[in-house]
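Novice: Below is the file target15.pdb, which contains PDB, C-alpha atoms.
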MODEL        1
ATOM      1  CA  MET T  26      58.176-101.849 209.383
ATOM      2  CA  ALA T  27      61.679-101.858 208.209
ATOM      3  CA  ALA T  28      61.360-105.551 207.536
ATOM      4  CA  ALA T  29      58.255-104.942 205.429
ATOM      5  CA  LYS T  30      60.055-102.286 203.386
ATOM      6  CA  SER T  31      62.995-104.520 202.759
ATOM      7  CA  LYS T  32      60.680-107.297 201.585
ATOM      8  CA  LYS T  33      59.053-104.877 199.161
ATOM      9  CA  LYS T  34      62.385-103.763 197.851
ATOM     10  CA  ASP T  35      63.468-107.359 197.538
ATOM     11  CA  ALA T  36      60.315-108.226 195.596
ATOM     12  CA  GLU T  37      60.709-105.357 193.146
ATOM     13  CA  PRO T  38      64.114-106.366 191.874
ATOM     14  CA  ASP T  39      62.870-109.893 191.219
ATOM     15  CA  GLU T  40      60.136-108.531 189.007
ATOM     16  CA  ALA T  41      62.543-106.129 187.390
ATOM     17  CA  GLU T  42      64.982-108.920 186.643
ATOM     18  CA  ASP T  43      62.296-110.747 184.665
ATOM     19  CA  GLY T  44      61.700-107.771 182.474
ATOM     20  CA  ALA T  45      58.585-109.403 181.064
ATOM     21  CA  ALA T  46      56.188-108.602 183.893
ATOM     22  CA  PRO T  47      56.346-104.786 183.696
ATOM     23  CA  ALA T  48      56.246-104.875 179.891
ATOM     24  CA  ALA T  49      53.154-107.114 179.944
ATOM     25  CA  LYS T  50      51.335-104.668 182.173
ATOM     26  CA  ALA T  51      52.157-101.734 179.885
ATOM     27  CA  SER T  52      51.126-103.473 176.590
ATOM     28  CA  LYS T  53      47.898-105.083 177.764
ATOM     29  CA  LYS T  54      45.621-106.030 174.771
ATOM     30  CA  PRO T  55      42.020-104.748 174.702
ATOM     31  CA  SER T  56      39.428-107.372 175.437
ATOM     32  CA  MET T  57      37.260-108.884 172.691
ATOM     33  CA  LYS T  58      34.181-107.237 174.206
ATOM     34  CA  MET T  59      35.706-103.759 173.872
ATOM     35  CA  MET T  60      36.707-104.457 170.253
ATOM     36  CA  ILE T  61      33.147-105.457 169.350
ATOM     37  CA  ILE T  62      31.701-102.362 171.036
ATOM     38  CA  ALA T  63      34.177-100.113 169.198
ATOM     39  CA  ALA T  64      33.413-101.761 165.832
ATOM     40  CA  ALA T  65      29.666-101.371 166.395
ATOM     41  CA  GLY T  66      30.156 -97.704 167.300
ATOM     42  CA  LEU T  67      32.144 -97.111 164.113
ATOM     43  CA  LEU T  68      29.447 -98.790 162.032
ATOM     44  CA  VAL T  69      26.730 -96.636 163.601
ATOM     45  CA  LEU T  70      28.705 -93.446 163.055
ATOM     46  CA  GLY T  71      29.604 -94.420 159.496
ATOM     47  CA  GLY T  72      26.017 -95.344 158.645
ATOM     48  CA  GLY T  73      24.680 -92.133 160.136
ATOM     49  CA  GLY T  74      27.229 -90.085 158.248
ATOM     50  CA  TYR T  75      26.381 -91.791 154.965
ATOM     51  CA  GLY T  76      22.662 -91.325 155.596
ATOM     52  CA  ALA T  77      23.127 -87.619 156.284
ATOM     53  CA  TYR T  78      25.282 -87.225 153.173
ATOM     54  CA  ALA T  79      22.750 -89.046 151.004
ATOM     55  CA  MET T  80      19.881 -86.987 152.405
ATOM     56  CA  PHE T  81      21.437 -83.575 151.968
ATOM     57  CA  PHE T  82      23.838 -84.000 149.071
ATOM     58  CA  GLY T  83      22.464 -87.067 147.300
ATOM     59  CA  GLY T  84      21.228 -86.865 143.737
ATOM     60  CA  GLU T  85      17.648 -86.912 142.514
ATOM     61  CA  HIS T  86      15.797 -89.948 143.688
ATOM     62  CA  GLU T  87      13.375 -91.627 141.350
ATOM     63  CA  LYS T  88       9.860 -90.705 142.294
ATOM     64  CA  PRO T  89       7.500 -93.637 142.564
ATOM     65  CA  LYS T  90       5.323 -94.057 139.520
ATOM     66  CA  VAL T  91       1.722 -93.202 140.227
ATOM     67  CA  ALA T  92      -0.961 -94.539 137.959
ATOM     68  CA  GLU T  93      -2.794 -91.807 136.133
ATOM     69  CA  VAL T  94      -6.237 -91.276 137.511
ATOM     70  CA  LYS T  95      -8.821 -90.624 134.863
ATOM     71  CA  PRO T  96     -11.265 -87.882 135.736
ATOM     72  CA  ALA T  97     -14.758 -89.161 136.355
ATOM     73  CA  ILE T  98     -17.545 -88.347 133.956
ATOM     74  CA  PHE T  99     -20.885 -87.245 135.410
ATOM     75  CA  VAL T 100     -24.241 -87.808 133.719
ATOM     76  CA  ASP T 101     -27.222 -85.762 134.926
ATOM     77  CA  LEU T 102     -30.558 -87.543 135.049
ATOM     78  CA  PRO T 103     -33.950 -85.859 134.911
ATOM     79  CA  ASP T 104     -35.507 -84.932 138.248
ATOM     80  CA  VAL T 105     -37.551 -87.692 139.845
ATOM     81  CA  LEU T 106     -40.725 -86.787 141.733
ATOM     82  CA  VAL T 107     -42.696 -89.617 143.402
ATOM     83  CA  ASN T 108     -45.244 -89.951 146.149
ATOM     84  CA  LEU T 109     -43.993 -92.055 149.020
ATOM     85  CA  SER T 110     -45.836 -95.074 150.347
ATOM     86  CA  ASN T 111     -47.948 -94.154 153.347
ATOM     87  CA  ALA T 112     -49.278 -96.648 155.839
ATOM     88  CA  GLY T 113     -52.875 -95.442 156.091
ATOM     89  CA  THR T 114     -52.089 -91.816 156.902
ATOM     90  CA  ASP T 115     -54.204 -89.092 155.291
ATOM     91  CA  ARG T 116     -51.257 -86.942 154.320
ATOM     92  CA  THR T 117     -49.397 -87.876 151.128
ATOM     93  CA  GLN T 118     -45.676 -87.175 151.170
ATOM     94  CA  TYR T 119     -43.538 -86.609 148.096
ATOM     95  CA  LEU T 120     -39.888 -87.225 147.327
ATOM     96  CA  LYS T 121     -38.008 -85.112 144.823
ATOM     97  CA  VAL T 122     -34.510 -86.282 143.878
ATOM     98  CA  LYS T 123     -31.894 -84.877 141.524
ATOM     99  CA  ILE T 124     -29.491 -87.678 140.639
ATOM    100  CA  VAL T 125     -26.120 -87.765 138.886
ATOM    101  CA  LEU T 126     -24.436 -90.946 137.689
ATOM    102  CA  GLU T 127     -20.655 -91.222 137.998
ATOM    103  CA  VAL T 128     -19.268 -93.086 134.986
ATOM    104  CA  PRO T 129     -15.635 -94.274 134.677
ATOM    105  CA  ASP T 130     -15.126 -93.183 131.035
ATOM    106  CA  ALA T 131     -16.782 -91.217 128.234
ATOM    107  CA  GLU T 132     -17.318 -94.294 126.062
ATOM    108  CA  LEU T 133     -19.749 -95.682 128.616
ATOM    109  CA  VAL T 134     -21.955 -92.579 128.395
ATOM    110  CA  ALA T 135     -22.761 -93.367 124.760
ATOM    111  CA  LYS T 136     -23.528 -96.982 125.689
ATOM    112  CA  ILE T 137     -25.915 -96.230 128.583
ATOM    113  CA  THR T 138     -27.750 -93.218 127.107
ATOM    114  CA  PRO T 139     -30.157 -95.398 125.077
ATOM    115  CA  LEU T 140     -30.885 -97.362 128.282
ATOM    116  CA  MET T 141     -31.963 -94.328 130.347
ATOM    117  CA  PRO T 142     -35.713 -95.096 130.109
ATOM    118  CA  ARG T 143     -34.993 -98.474 131.743
ATOM    119  CA  VAL T 144     -32.932 -96.756 134.476
ATOM    120  CA  MET T 145     -35.645 -94.167 135.167
ATOM    121  CA  ASP T 146     -38.287 -96.916 135.365
ATOM    122  CA  ALA T 147     -36.174 -98.811 137.906
ATOM    123  CA  PHE T 148     -35.824 -95.618 139.955
ATOM    124  CA  GLN T 149     -39.550 -94.772 139.819
ATOM    125  CA  THR T 150     -40.743 -98.223 140.864
ATOM    126  CA  TYR T 151     -38.256 -98.462 143.727
ATOM    127  CA  LEU T 152     -38.754 -94.934 145.051
ATOM    128  CA  ARG T 153     -42.557 -95.296 145.137
ATOM    129  CA  GLU T 154     -42.186 -98.226 147.553
ATOM    130  CA  LEU T 155     -40.236 -96.172 150.099
ATOM    131  CA  ARG T 156     -41.754 -94.869 153.306
ATOM    132  CA  PRO T 157     -40.655 -91.533 154.787
ATOM    133  CA  THR T 158     -38.975 -93.409 157.660
ATOM    134  CA  ASP T 159     -36.748 -95.238 155.127
ATOM    135  CA  LEU T 160     -35.055 -91.924 154.360
ATOM    136  CA  ASP T 161     -34.304 -90.908 157.945
ATOM    137  CA  GLY T 162     -30.706 -90.043 158.749
ATOM    138  CA  SER T 163     -27.512 -90.604 156.848
ATOM    139  CA  ALA T 164     -27.870 -94.383 157.084
ATOM    140  CA  GLY T 165     -31.175 -94.211 155.197
ATOM    141  CA  LEU T 166     -29.643 -92.095 152.450
ATOM    142  CA  TYR T 167     -26.647 -94.419 152.238
ATOM    143  CA  ARG T 168     -28.945 -97.431 151.787
ATOM    144  CA  LEU T 169     -30.904 -95.524 149.129
ATOM    145  CA  LYS T 170     -27.715 -94.651 147.267
ATOM    146  CA  GLU T 171     -26.455 -98.243 147.355
ATOM    147  CA  GLU T 172     -29.791 -99.652 146.169
ATOM    148  CA  LEU T 173     -30.049 -97.154 143.305
ATOM    149  CA  THR T 174     -26.468 -97.952 142.247
ATOM    150  CA  ARG T 175     -27.295-101.653 142.223
ATOM    151  CA  ARG T 176     -30.455-101.069 140.167
ATOM    152  CA  VAL T 177     -28.629 -98.905 137.618
ATOM    153  CA  ASN T 178     -25.926-101.533 137.182
ATOM    154  CA  VAL T 179     -28.578-104.213 136.627
ATOM    155  CA  SER T 180     -30.314-101.981 134.067
ATOM    156  CA  VAL T 181     -27.171-101.149 132.068
ATOM    157  CA  SER T 182     -25.530-104.552 132.375
ATOM    158  CA  PRO T 183     -22.901-105.617 131.165
ATOM    159  CA  ASN T 184     -21.774-102.012 131.589
ATOM    160  CA  HIS T 185     -21.015-100.691 135.061
ATOM    161  CA  ILE T 186     -21.312 -97.255 136.664
ATOM    162  CA  THR T 187     -19.154 -96.128 139.564
ATOM    163  CA  ALA T 188     -21.725 -94.428 141.801
ATOM    164  CA  VAL T 189     -25.063 -92.693 142.147
ATOM    165  CA  LEU T 190     -24.718 -89.187 143.560
ATOM    166  CA  PHE T 191     -27.458 -86.961 144.952
ATOM    167  CA  LYS T 192     -27.598 -83.304 143.981
ATOM    168  CA  GLU T 193     -30.805 -82.637 145.864
ATOM    169  CA  ILE T 194     -33.223 -84.618 148.027
ATOM    170  CA  ILE T 195     -36.489 -83.134 149.218
ATOM    171  CA  VAL T 196     -39.118 -84.964 151.269
ATOM    172  CA  GLN T 197     -42.311 -82.930 151.535
TER     173      GLN T 197
ENDMDL
END
Mind turning this structure into structure tokens?
Specialist:
Amino acid sequence: MAAAKSKKKDAEPDEAEDGAAPAAKASKKPSMKMMIIAAAGLLVLGGGGYGAYAMFFGGEHEKPKVAEVKPAIFVDLPDVLVNLSNAGTDRTQYLKVKIVLEVPDAELVAKITPLMPRVMDAFQTYLRELRPTDLDGSAGLYRLKEELTRRVNVSVSPNHITAVLFKEIIVQ
């Protein structure tokens, strides 16, 4: 053991004589990997800090421009009362509908008002062809609405309405 201690002591002075070996151990440079990790951490912290500052203390942000929505114009039509087509049954069923046209602007109302007899004729002839089963459920009413919208647009062409709306529908 004494020999081992003396070898250790002998080895230490050799390293100490160099002077460079202990200094190199004390001033070891950080690895490139650690530098990249530290830089990324600083960027994340800096970005988060700037984001928090901008959110809480930032000035007024420009609000996105929203296109002005014109209010729709509604045109009431006279009530329509028709007897429905029956396939040989003794009982006659009737359909009473209160309809409103949705028009995109007021100028169009003046253009389509003289054409209302044509629109009412298109409604009467189509509605008389319907059977009571054609009006069953929401799908039936949706199809009716789409067909009436199409017929109105054909009648008032080249003008165009937005939609046909139902105020009241009675099948009796």
Novice: Report as a PyMOL selection string the residues that result from applying the PyMOL selection byres ((chain T and resi 141-144) around 9) to the structure here.
Specialist: chain T and resi 102+137-140+145-149+176-181
Novice: For T:Glu172, which residue among T:Phe191, T:His185, T:Ile98, T:Tyr151 is the nearest when counting only C-alpha atoms?
Specialist: T:Tyr151
Novice: Between atom CA of T:Asp101 and atom CA of T:Ile124, what is the distance, to one decimal in Å?
Specialist: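 Value for the atom CA of T:Asp101-atom CA of T:Ile124 distance: 6.4 Å.
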Novice: Between atom CA of T:Lys123 and atom CA of T:Lys136, what is the distance, to one decimal in Å?
Specialist: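 About the pair atom CA of T:Lys123 and atom CA of T:Lys136: they are 21.6 Å apart.
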Novice: What is the distance between atom CA of T:Ile195 and atom CA of T:Tyr119, in Å to one decimal?
Specialist: 7.9 Å
Novice: Restricting the calculation to all atoms listed in the file: of T:Leu133, T:Ile194, T:Leu152, T:Ala92, which residue gets closest to T:Ser182?
Specialist: T:Leu133
Novice: Decode the PyMOL selection byres ((chain T and resi 189) around 10) for the given file into explicit residues and return them as a PyMOL selection string.
Specialist: chain T and resi 99-100+124-128+169-175+177+186-188+190-192
Novice: Evaluated on this file, the PyMOL selection byres ((chain T and resi 107) around 9) picks out some residues - which ones are they, written as a list in words?
Specialist: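 What the PyMOL selection byres ((chain T and resi 107) around 9) grabs from the file is Val105, Leu106, Asn108, Leu109, Gln118, Tyr119, Leu120, Lys121, Val122, Gln149, Leu152 and Arg153 of chain T.
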